[in-house]
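Working notes, structure below.
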Amino acid sequence: MLRRALGLLPRPIAAARARSFSTDLPAAHTADATFMEAWNKVMPNMDPPKTPLSFMHPRPPTPSSIPPKLTVNFVLPYASELSTKEVDMVIVTATTGQMGFLPGHVATIAELKPGVLSVHEGSETTKYFVSSGFVFIHANSFADIIAVEAVPLDRIDANLVQKGLADFTQKLSSATTELEKAEAQIGIDVHSALNSALTG
Amino acid sequence: MAMAALRREGRRLAPLISPRTITAVRSSPLYPTLEDEGPLGVRHISTQVVRNRMKSVKNIQKITKAMKMVAASKLRAIQTKTENSRGLWQPFTALLGDLPSADVKKNVVVTISSDKGLCGGINSTSVKISKGLHKLNSGPEKETKYVILGEKAKAQLVRDSKKDIELIITELQKNPLNYTQVSVLADEILKNVEYDALRIVFNKFQSVVSFVPTVSTVLSTEIVEREAESGGKLGDLDSYEVEGGETKGEILQNLAEFQFSCTMFNAVLENACSEQGARMSAMDSSSRNAGDMLDRLTLTYNRTRQASITTELIEIISGASALEG
């Protein structure tokens with residue numbers, strides 16, 4: 001009898017330890033409560049599907065004082081270039097021009113145009129050429145940069161840029177339909193941005 | 001020993017002598033006879049039927065093992081891509097939150113499934129979830145439309161929800177999946193379908209044996225503004241300054257479209273991963289079943305063979321003892 005009691009003891013402790021390791025966060029459940037209730041009413045025999053919120057790490061709330069560093073997430077469809085990296089400043093090329101973000105910047109949503117993104121950490125700067133995307137700055141000094149395509153500047157070939165620019169300028173002059181004109185114009189924009197990125 | 005030699009001879013000579021014509025008359029057409037006539041009218045129980053089954057089961061086992069290997073290699077290739085794309089939808093959820101319970105008039109359910117079969121139950125789960133969402137969002141003035149990616153979901157949904165299907169897209173994985181292809185697809189969907197909320201149903205890849213059905217919700221700009229005004233989770237969206245463009249609405253529209261294409265890209269990759277993983281486990285259990293079946297058939301084969309030898313021995317011995325005595 002004693003042995004069985006001793007056997008029972010470690011189990012609740014193990015269960016508590018298991019729960020503390022669990023990645024399922026209680027906040028995620030409350031967020032989907034209305035959905036889960038509605039689901040259970042309609043389809044009682046099936047488990048409700050999960051939603052993205054349950055797979056995400058929660059973001060820290062807005063601190064009362066300005067944090068010293070900006071936390072940057074720079075994602076591309078093929079990779080996460082930077083994830084939760086602490087930096088001093090980020091400069092992006094938004095549709096309205098160059099924008100710099102320091103920690104404590106006001107919450108902003110901005111659309112990017114082809115141009116250079118530079119990440120400043122201490123004394124070193126990493127520059128990327130970004131084709132387009134969005135940047136979100138949150139109130140808690142988290143910056144999310146989502147780009148469709150981005151390459152470090154040293155991987156761009158200047159000759160190909162010149163050639164591309166010439167090609168697209170020629171295409172624009174020989175374009176007939178609106179669609180062709182728009183495509184050629186986009187090509188010119190991107191290549192001239194590449195050009196200025198390499199020189200400037 | 002002589003009998004064994006004769007039996008071996010019998011097997012080779014049997015097709016030439018063709019005792020089948022006689023047996024065909026005698027045997028019933030419905031029940032295949034297990035009796036086999038050798039030369040000299042010696043009858044022994046045939047193991048041919050069992051042997052045929054064993055051969056076909058062994059072939060099936062080889063095929064399913066090969067399919068499992070192929071699925072494993074395809075999974076490895078696509079798994080790295082999927083894990084890299086997981087960061088793509090997180091900023092959007094961080095900004096706009098996740099509101100699967102938003103009450104909207106025009107729902108569009110985008111069901112992602114595979115084109116090929118033999119991948120376990122993942123396609124059926126996706127279809128069941130889509131139907132569940134349809135039921136959830138049914139009501140007066142509310143409508144739900146389907147956009148189907150993949151043959152398997154098409155086959156299941158065409159049966160009873162044909163009038164609700166807006167768009168069907170198949171042969172997605174002909175070329176390796178990339179973002180350009182998916183964004184063109186997303187563009188097509190956004191152009192042709194009117195929506196207030198897009199719900200993407202797919203199987204998220206947790207591990208090789210675990211696939212979680214998931215639904216990602218992308219809301220249109222009007223609904224986002226409505227939710228932001230009414231407070232709640234999107235309440236602090238207004239505090240974000242929107243840079244550029246003539247109107248805030250234009251930027252938010254671009255944002256919604258970009259969000260849709262990013263979530264679609266991740267969803268399509270995750271579903272492809274889940275498909276390969278499910279196929280691996282399905283083919284694995286199939287090979288194991290085939291192996292079990294082969295074991296049982298081997299036992300039956302040996303029993304039949306031993307019984308026929310025993311019968312022959314009994315006949316010989318009783319014949320010999322009859323001659324003696």
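Here, A, B, ... name the chains of the structure tokens in the order displayed, residue numbers run from 1 inside each chain, and ligands are numbered from 1 in the same displayed order.
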
Exercise for the section: Would you give me, as a PyMOL selection string, the residues of chain A that come within 7 Å of chain B, using only C-alpha atoms? Expected result: chain A and resi 34-35+38-39+42-43+49-53+56+75-80+95-96+107-110+144

Store the residues of this selection in a file with N, CA and C atoms, as a PDB file, in the first residue's frame.
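Generated file (result_25.pdb):
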```pdb
ATOM      1  N   THR A  34     -14.876  32.432 -28.492  1.00  0.00           N
ATOM      2  CA  THR A  34     -16.152  32.567 -29.212  1.00  0.00           C
ATOM      3  C   THR A  34     -16.187  31.621 -30.385  1.00  0.00           C
ATOM      4  N   PHE A  35     -15.035  31.497 -31.091  1.00  0.00           N
ATOM      5  CA  PHE A  35     -14.999  30.604 -32.234  1.00  0.00           C
ATOM      6  C   PHE A  35     -15.226  29.165 -31.803  1.00  0.00           C
ATOM      7  N   ALA A  38     -18.885  28.538 -30.868  1.00  0.00           N
ATOM      8  CA  ALA A  38     -19.731  28.457 -32.051  1.00  0.00           C
ATOM      9  C   ALA A  38     -19.488  27.153 -32.790  1.00  0.00           C
ATOM     10  N   TRP A  39     -18.221  26.740 -32.867  1.00  0.00           N
ATOM     11  CA  TRP A  39     -17.892  25.489 -33.547  1.00  0.00           C
ATOM     12  C   TRP A  39     -18.529  24.312 -32.852  1.00  0.00           C
ATOM     13  N   VAL A  42     -22.101  23.818 -33.680  1.00  0.00           N
ATOM     14  CA  VAL A  42     -22.452  23.345 -35.017  1.00  0.00           C
ATOM     15  C   VAL A  42     -21.925  21.929 -35.266  1.00  0.00           C
ATOM     16  N   MET A  43     -20.669  21.681 -34.868  1.00  0.00           N
ATOM     17  CA  MET A  43     -20.054  20.383 -35.154  1.00  0.00           C
ATOM     18  C   MET A  43     -19.569  19.787 -33.832  1.00  0.00           C
ATOM     19  N   PRO A  49     -10.738  23.483 -35.601  1.00  0.00           N
ATOM     20  CA  PRO A  49      -9.403  23.662 -36.167  1.00  0.00           C
ATOM     21  C   PRO A  49      -8.634  24.689 -35.362  1.00  0.00           C
ATOM     22  N   LYS A  50      -7.324  24.584 -35.422  1.00  0.00           N
ATOM     23  CA  LYS A  50      -6.499  25.553 -34.709  1.00  0.00           C
ATOM     24  C   LYS A  50      -6.418  26.827 -35.540  1.00  0.00           C
ATOM     25  N   THR A  51      -6.094  27.898 -34.899  1.00  0.00           N
ATOM     26  CA  THR A  51      -5.934  29.169 -35.603  1.00  0.00           C
ATOM     27  C   THR A  51      -4.516  29.673 -35.368  1.00  0.00           C
ATOM     28  N   PRO A  52      -4.051  30.571 -36.244  1.00  0.00           N
ATOM     29  CA  PRO A  52      -2.650  30.983 -36.165  1.00  0.00           C
ATOM     30  C   PRO A  52      -2.230  31.516 -34.797  1.00  0.00           C
ATOM     31  N   LEU A  53      -3.191  32.079 -34.056  1.00  0.00           N
ATOM     32  CA  LEU A  53      -2.812  32.674 -32.776  1.00  0.00           C
ATOM     33  C   LEU A  53      -2.204  31.651 -31.834  1.00  0.00           C
ATOM     34  N   MET A  56       1.643  31.166 -32.297  1.00  0.00           N
ATOM     35  CA  MET A  56       2.540  32.307 -32.267  1.00  0.00           C
ATOM     36  C   MET A  56       3.009  32.591 -30.869  1.00  0.00           C
ATOM     37  N   VAL A  75      11.432  39.327 -42.466  1.00  0.00           N
ATOM     38  CA  VAL A  75      11.066  38.039 -43.061  1.00  0.00           C
ATOM     39  C   VAL A  75      10.865  38.150 -44.556  1.00  0.00           C
ATOM     40  N   LEU A  76      11.249  37.054 -45.226  1.00  0.00           N
ATOM     41  CA  LEU A  76      11.023  36.917 -46.653  1.00  0.00           C
ATOM     42  C   LEU A  76      10.245  35.620 -46.851  1.00  0.00           C
ATOM     43  N   PRO A  77       9.632  35.434 -48.010  1.00  0.00           N
ATOM     44  CA  PRO A  77       8.918  34.172 -48.189  1.00  0.00           C
ATOM     45  C   PRO A  77       9.814  32.952 -48.030  1.00  0.00           C
ATOM     46  N   TYR A  78      11.107  33.099 -48.306  1.00  0.00           N
ATOM     47  CA  TYR A  78      11.975  31.931 -48.273  1.00  0.00           C
ATOM     48  C   TYR A  78      12.781  31.791 -47.016  1.00  0.00           C
ATOM     49  N   ALA A  79      12.819  32.809 -46.212  1.00  0.00           N
ATOM     50  CA  ALA A  79      13.667  32.721 -45.034  1.00  0.00           C
ATOM     51  C   ALA A  79      13.301  33.832 -44.080  1.00  0.00           C
ATOM     52  N   SER A  80      13.686  33.644 -42.821  1.00  0.00           N
ATOM     53  CA  SER A  80      13.606  34.757 -41.882  1.00  0.00           C
ATOM     54  C   SER A  80      15.001  35.318 -41.773  1.00  0.00           C
ATOM     55  N   THR A  95       7.165  54.348 -49.529  1.00  0.00           N
ATOM     56  CA  THR A  95       6.663  55.019 -50.730  1.00  0.00           C
ATOM     57  C   THR A  95       6.766  56.532 -50.613  1.00  0.00           C
ATOM     58  N   THR A  96       6.797  57.044 -49.375  1.00  0.00           N
ATOM     59  CA  THR A  96       6.908  58.489 -49.187  1.00  0.00           C
ATOM     60  C   THR A  96       8.350  58.949 -49.047  1.00  0.00           C
ATOM     61  N   ALA A 107       3.677  54.003 -33.393  1.00  0.00           N
ATOM     62  CA  ALA A 107       3.237  52.836 -34.169  1.00  0.00           C
ATOM     63  C   ALA A 107       2.885  53.260 -35.580  1.00  0.00           C
ATOM     64  N   THR A 108       3.432  52.549 -36.551  1.00  0.00           N
ATOM     65  CA  THR A 108       3.267  52.947 -37.952  1.00  0.00           C
ATOM     66  C   THR A 108       3.096  51.730 -38.838  1.00  0.00           C
ATOM     67  N   ILE A 109       2.353  51.927 -39.927  1.00  0.00           N
ATOM     68  CA  ILE A 109       2.290  50.932 -40.993  1.00  0.00           C
ATOM     69  C   ILE A 109       2.765  51.658 -42.245  1.00  0.00           C
ATOM     70  N   ALA A 110       3.749  51.114 -42.926  1.00  0.00           N
ATOM     71  CA  ALA A 110       4.231  51.774 -44.130  1.00  0.00           C
ATOM     72  C   ALA A 110       4.468  50.755 -45.228  1.00  0.00           C
ATOM     73  N   ASP A 144       8.428  44.874 -37.633  1.00  0.00           N
ATOM     74  CA  ASP A 144       8.280  43.735 -38.530  1.00  0.00           C
ATOM     75  C   ASP A 144       8.464  44.228 -39.940  1.00  0.00           C
TER      76      ASP A 144
END
```

Problem - 8 Å contact set for range 59-69 of chain A, only C-alpha atoms, chain neighbours under 6 positions out, as a list in words - result: Glu86, Val87, Asp88, Leu102, Pro103, Gly104, Ala139, Asn140 and Ser141 of chain A; Ala94 of chain B

Prev. selection, N, CA, C and O atoms, output as a compact mmCIF listing (two decimals), in the first residue's frame:
```txt
# COMPACT_ATOMS: atom_id res chain seq x y z
N GLU A 86 18.10 42.52 -31.86
CA GLU A 86 18.06 43.82 -31.19
C GLU A 86 19.01 44.77 -31.91
O GLU A 86 20.19 44.50 -32.02
N VAL A 87 18.45 45.85 -32.43
CA VAL A 87 19.29 46.80 -33.17
C VAL A 87 19.02 48.21 -32.66
O VAL A 87 18.09 48.44 -31.89
N ASP A 88 19.87 49.13 -33.13
CA ASP A 88 19.69 50.52 -32.72
C ASP A 88 18.74 51.28 -33.62
O ASP A 88 17.93 52.06 -33.16
N LEU A 102 13.70 54.51 -34.77
CA LEU A 102 14.47 54.32 -33.55
C LEU A 102 13.56 53.68 -32.52
O LEU A 102 12.34 53.70 -32.67
N PRO A 103 14.15 53.13 -31.45
CA PRO A 103 13.26 52.58 -30.42
C PRO A 103 12.34 53.66 -29.88
O PRO A 103 12.75 54.81 -29.72
N GLY A 104 11.11 53.29 -29.63
CA GLY A 104 10.15 54.26 -29.11
C GLY A 104 9.45 55.03 -30.21
O GLY A 104 8.73 56.00 -29.94
N ALA A 139 3.96 49.58 -30.95
CA ALA A 139 4.24 50.51 -29.85
C ALA A 139 5.27 49.97 -28.88
O ALA A 139 5.90 50.74 -28.16
N ASN A 140 5.47 48.63 -28.88
CA ASN A 140 6.45 48.08 -27.94
C ASN A 140 7.83 47.97 -28.55
O ASN A 140 8.62 47.12 -28.15
N SER A 141 8.14 48.83 -29.53
CA SER A 141 9.45 48.85 -30.20
C SER A 141 9.80 47.53 -30.86
O SER A 141 10.93 47.07 -30.81
N ALA B 94 0.41 39.50 -35.62
CA ALA B 94 0.78 40.39 -34.53
C ALA B 94 0.09 41.75 -34.69
O ALA B 94 -0.33 42.37 -33.71
```

Practice task
Within 6 Å of range 104-112 of chain B, counting only C-alpha atoms, which residues show up once you throw out same-chain ones fewer than 4 positions away? Write them as a ChimeraX atom specification, please.
Solution key: /B:142-149,195-202

Could you please take those selected residues and save all heavy atoms as a compact mmCIF listing (two decimals), in the first residue's frame?
```
# COMPACT_ATOMS: atom_id res chain seq x y z
N LYS B 142 -26.34 35.71 -44.94
CA LYS B 142 -24.93 35.34 -44.94
C LYS B 142 -24.74 34.26 -45.98
O LYS B 142 -25.57 33.37 -46.12
CB LYS B 142 -24.52 34.81 -43.57
CG LYS B 142 -24.40 35.89 -42.53
CD LYS B 142 -23.45 35.49 -41.46
CE LYS B 142 -24.19 34.78 -40.35
NZ LYS B 142 -23.34 34.62 -39.16
N GLU B 143 -23.63 34.32 -46.68
CA GLU B 143 -23.38 33.25 -47.64
C GLU B 143 -21.92 32.84 -47.55
O GLU B 143 -21.05 33.63 -47.22
CB GLU B 143 -23.71 33.72 -49.05
CG GLU B 143 -22.97 34.97 -49.45
CD GLU B 143 -22.98 35.21 -50.93
OE1 GLU B 143 -23.80 34.57 -51.61
OE2 GLU B 143 -22.16 35.99 -51.39
N THR B 144 -21.70 31.57 -47.87
CA THR B 144 -20.34 31.04 -47.86
C THR B 144 -20.03 30.41 -49.20
O THR B 144 -20.80 29.61 -49.71
CB THR B 144 -20.19 29.94 -46.78
OG1 THR B 144 -20.87 30.36 -45.61
CG2 THR B 144 -18.74 29.70 -46.46
N LYS B 145 -18.90 30.81 -49.78
CA LYS B 145 -18.51 30.24 -51.07
C LYS B 145 -17.21 29.47 -50.88
O LYS B 145 -16.43 29.76 -49.98
CB LYS B 145 -18.27 31.36 -52.08
CG LYS B 145 -19.50 32.14 -52.42
CD LYS B 145 -20.16 31.59 -53.64
CE LYS B 145 -21.51 32.26 -53.86
NZ LYS B 145 -22.45 31.47 -54.54
N TYR B 146 -16.97 28.50 -51.78
CA TYR B 146 -15.75 27.71 -51.69
C TYR B 146 -14.81 28.07 -52.83
O TYR B 146 -15.22 28.27 -53.96
CB TYR B 146 -16.05 26.22 -51.83
CG TYR B 146 -16.80 25.62 -50.67
CD1 TYR B 146 -18.12 25.24 -50.81
CD2 TYR B 146 -16.17 25.39 -49.45
CE1 TYR B 146 -18.81 24.66 -49.76
CE2 TYR B 146 -16.85 24.81 -48.41
CZ TYR B 146 -18.17 24.45 -48.57
OH TYR B 146 -18.84 23.86 -47.53
N VAL B 147 -13.52 28.12 -52.50
CA VAL B 147 -12.48 28.14 -53.52
C VAL B 147 -11.65 26.90 -53.24
O VAL B 147 -11.16 26.72 -52.13
CB VAL B 147 -11.61 29.40 -53.43
CG1 VAL B 147 -10.40 29.28 -54.33
CG2 VAL B 147 -12.40 30.62 -53.79
N ILE B 148 -11.53 26.03 -54.24
CA ILE B 148 -10.91 24.73 -53.97
C ILE B 148 -9.57 24.64 -54.67
O ILE B 148 -9.45 24.92 -55.85
CB ILE B 148 -11.83 23.60 -54.47
CG1 ILE B 148 -13.19 23.74 -53.80
CG2 ILE B 148 -11.23 22.26 -54.14
CD1 ILE B 148 -14.18 22.73 -54.27
N LEU B 149 -8.56 24.22 -53.91
CA LEU B 149 -7.24 23.96 -54.49
C LEU B 149 -7.00 22.47 -54.36
O LEU B 149 -6.91 21.96 -53.26
CB LEU B 149 -6.16 24.71 -53.71
CG LEU B 149 -5.79 26.09 -54.17
CD1 LEU B 149 -6.85 27.06 -53.77
CD2 LEU B 149 -4.50 26.52 -53.57
N TYR B 195 -15.48 39.09 -51.33
CA TYR B 195 -15.32 38.52 -49.99
C TYR B 195 -15.36 39.59 -48.93
O TYR B 195 -14.98 40.73 -49.16
CB TYR B 195 -13.98 37.78 -49.90
CG TYR B 195 -12.79 38.71 -49.97
CD1 TYR B 195 -12.15 39.14 -48.82
CD2 TYR B 195 -12.33 39.18 -51.19
CE1 TYR B 195 -11.07 40.00 -48.88
CE2 TYR B 195 -11.25 40.05 -51.25
CZ TYR B 195 -10.64 40.45 -50.10
OH TYR B 195 -9.57 41.30 -50.18
N ASP B 196 -15.82 39.19 -47.76
CA ASP B 196 -15.63 40.00 -46.56
C ASP B 196 -14.58 39.35 -45.67
O ASP B 196 -13.87 40.02 -44.95
CB ASP B 196 -16.93 40.11 -45.78
CG ASP B 196 -17.87 41.13 -46.41
OD1 ASP B 196 -17.37 42.06 -47.07
OD2 ASP B 196 -19.09 40.99 -46.24
N ALA B 197 -14.58 38.01 -45.72
CA ALA B 197 -13.58 37.28 -44.94
C ALA B 197 -13.15 36.06 -45.73
O ALA B 197 -13.98 35.35 -46.28
CB ALA B 197 -14.16 36.85 -43.60
N LEU B 198 -11.86 35.82 -45.76
CA LEU B 198 -11.33 34.64 -46.43
C LEU B 198 -10.83 33.70 -45.36
O LEU B 198 -10.04 34.10 -44.52
CB LEU B 198 -10.16 35.03 -47.33
CG LEU B 198 -10.50 35.82 -48.57
CD1 LEU B 198 -9.37 36.76 -48.89
CD2 LEU B 198 -10.73 34.90 -49.73
N ARG B 199 -11.31 32.46 -45.40
CA ARG B 199 -10.83 31.51 -44.40
C ARG B 199 -10.07 30.40 -45.12
O ARG B 199 -10.65 29.65 -45.89
CB ARG B 199 -12.01 30.93 -43.62
CG ARG B 199 -12.77 31.99 -42.88
CD ARG B 199 -14.06 31.46 -42.32
NE ARG B 199 -14.95 32.55 -42.03
CZ ARG B 199 -14.91 33.30 -40.92
NH1 ARG B 199 -14.02 33.03 -40.00
NH2 ARG B 199 -15.75 34.29 -40.75
N ILE B 200 -8.79 30.31 -44.83
CA ILE B 200 -7.96 29.32 -45.52
C ILE B 200 -7.88 28.09 -44.63
O ILE B 200 -7.44 28.18 -43.48
CB ILE B 200 -6.55 29.88 -45.78
CG1 ILE B 200 -6.66 31.25 -46.44
CG2 ILE B 200 -5.76 28.95 -46.65
CD1 ILE B 200 -5.34 31.94 -46.57
N VAL B 201 -8.32 26.94 -45.17
CA VAL B 201 -8.31 25.70 -44.40
C VAL B 201 -7.19 24.82 -44.93
O VAL B 201 -7.13 24.52 -46.11
CB VAL B 201 -9.66 24.96 -44.56
CG1 VAL B 201 -9.61 23.64 -43.84
CG2 VAL B 201 -10.78 25.82 -44.04
N PHE B 202 -6.27 24.44 -44.03
CA PHE B 202 -5.17 23.58 -44.48
C PHE B 202 -4.72 22.73 -43.31
O PHE B 202 -5.21 22.88 -42.19
CB PHE B 202 -4.02 24.44 -45.01
CG PHE B 202 -3.43 25.38 -43.99
CD1 PHE B 202 -2.23 25.08 -43.38
CD2 PHE B 202 -4.05 26.57 -43.67
CE1 PHE B 202 -1.67 25.95 -42.45
CE2 PHE B 202 -3.51 27.44 -42.74
CZ PHE B 202 -2.31 27.13 -42.14
```

Handout entry: Close residues, Ile91 in chain A itself excluded, 10 Å, only C-alpha atoms, min 2 positions apart in chain, as a list of chain:residue names
Key = A:Met89, A:Thr93, A:Ala94, A:Gln98, A:Met99, A:Gly100, A:Phe101, A:Leu102, A:Val116, A:Leu117, A:Ser118, A:Val119, A:His120, A:Lys127

Would you put the residues from that selection into a file with N, CA, C and O atoms, as a compact mmCIF listing (two decimals), in the first residue's frame?
```
# COMPACT_ATOMS: atom_id res chain seq x y z
N MET A 89 18.89 51.07 -34.92
CA MET A 89 18.09 51.87 -35.84
C MET A 89 17.88 51.10 -37.14
O MET A 89 18.70 50.29 -37.53
N THR A 93 13.06 52.34 -47.15
CA THR A 93 12.59 53.22 -48.22
C THR A 93 11.10 52.99 -48.38
O THR A 93 10.67 52.02 -49.00
N ALA A 94 10.33 53.88 -47.81
CA ALA A 94 8.88 53.76 -47.94
C ALA A 94 8.43 54.51 -49.18
O ALA A 94 9.20 55.23 -49.81
N GLN A 98 12.62 57.97 -47.60
CA GLN A 98 13.38 57.23 -46.60
C GLN A 98 12.82 57.50 -45.21
O GLN A 98 12.49 58.62 -44.87
N MET A 99 12.69 56.44 -44.43
CA MET A 99 12.20 56.60 -43.07
C MET A 99 13.14 55.90 -42.12
O MET A 99 13.53 54.77 -42.39
N GLY A 100 13.46 56.54 -41.03
CA GLY A 100 14.30 55.91 -40.03
C GLY A 100 13.48 55.60 -38.79
O GLY A 100 12.62 56.38 -38.41
N PHE A 101 13.73 54.43 -38.19
CA PHE A 101 12.98 54.05 -37.01
C PHE A 101 13.93 53.81 -35.87
O PHE A 101 14.86 53.01 -35.97
N LEU A 102 13.70 54.51 -34.77
CA LEU A 102 14.47 54.32 -33.55
C LEU A 102 13.56 53.68 -32.52
O LEU A 102 12.34 53.70 -32.67
N VAL A 116 16.75 50.61 -50.58
CA VAL A 116 17.71 50.02 -49.65
C VAL A 116 17.14 50.02 -48.24
O VAL A 116 16.52 50.97 -47.80
N LEU A 117 17.39 48.90 -47.56
CA LEU A 117 17.03 48.79 -46.16
C LEU A 117 18.33 48.66 -45.40
O LEU A 117 19.15 47.82 -45.75
N SER A 118 18.54 49.53 -44.42
CA SER A 118 19.79 49.36 -43.67
C SER A 118 19.50 49.19 -42.19
O SER A 118 18.65 49.87 -41.63
N VAL A 119 20.20 48.25 -41.62
CA VAL A 119 20.02 47.90 -40.21
C VAL A 119 21.28 48.32 -39.47
O VAL A 119 22.36 47.86 -39.80
N HIS A 120 21.13 49.20 -38.51
CA HIS A 120 22.29 49.73 -37.78
C HIS A 120 22.38 49.11 -36.41
O HIS A 120 21.48 49.25 -35.60
N LYS A 127 23.24 46.29 -45.17
CA LYS A 127 22.32 46.88 -46.14
C LYS A 127 21.75 45.79 -47.03
O LYS A 127 22.46 44.88 -47.46
```

Exercise for the section: For CA of Val72 in chain A and CA of Tyr128 in chain A, quote the distance in Å rounded to one decimal. Expected result: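 CA of Tyr128 in chain A lies 14.1 Å from CA of Val72 in chain A.
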
Exercise for the section: Would you return as number ranges by chain the members of range 94-247 of chain B that DSSP assigns to alpha helix (DSSP H) on this structure's backbone? Expected result: B: 94-96, 122-136, 151-160, 179-192, 221-229

Practice task
Could you tell me how far CA of Glu188 in chain B lies from CA of Ala272 in chain B, in Å and to one decimal?
Solution key: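 Between CA of Glu188 in chain B and CA of Ala272 in chain B the gap works out to 20.7 Å.
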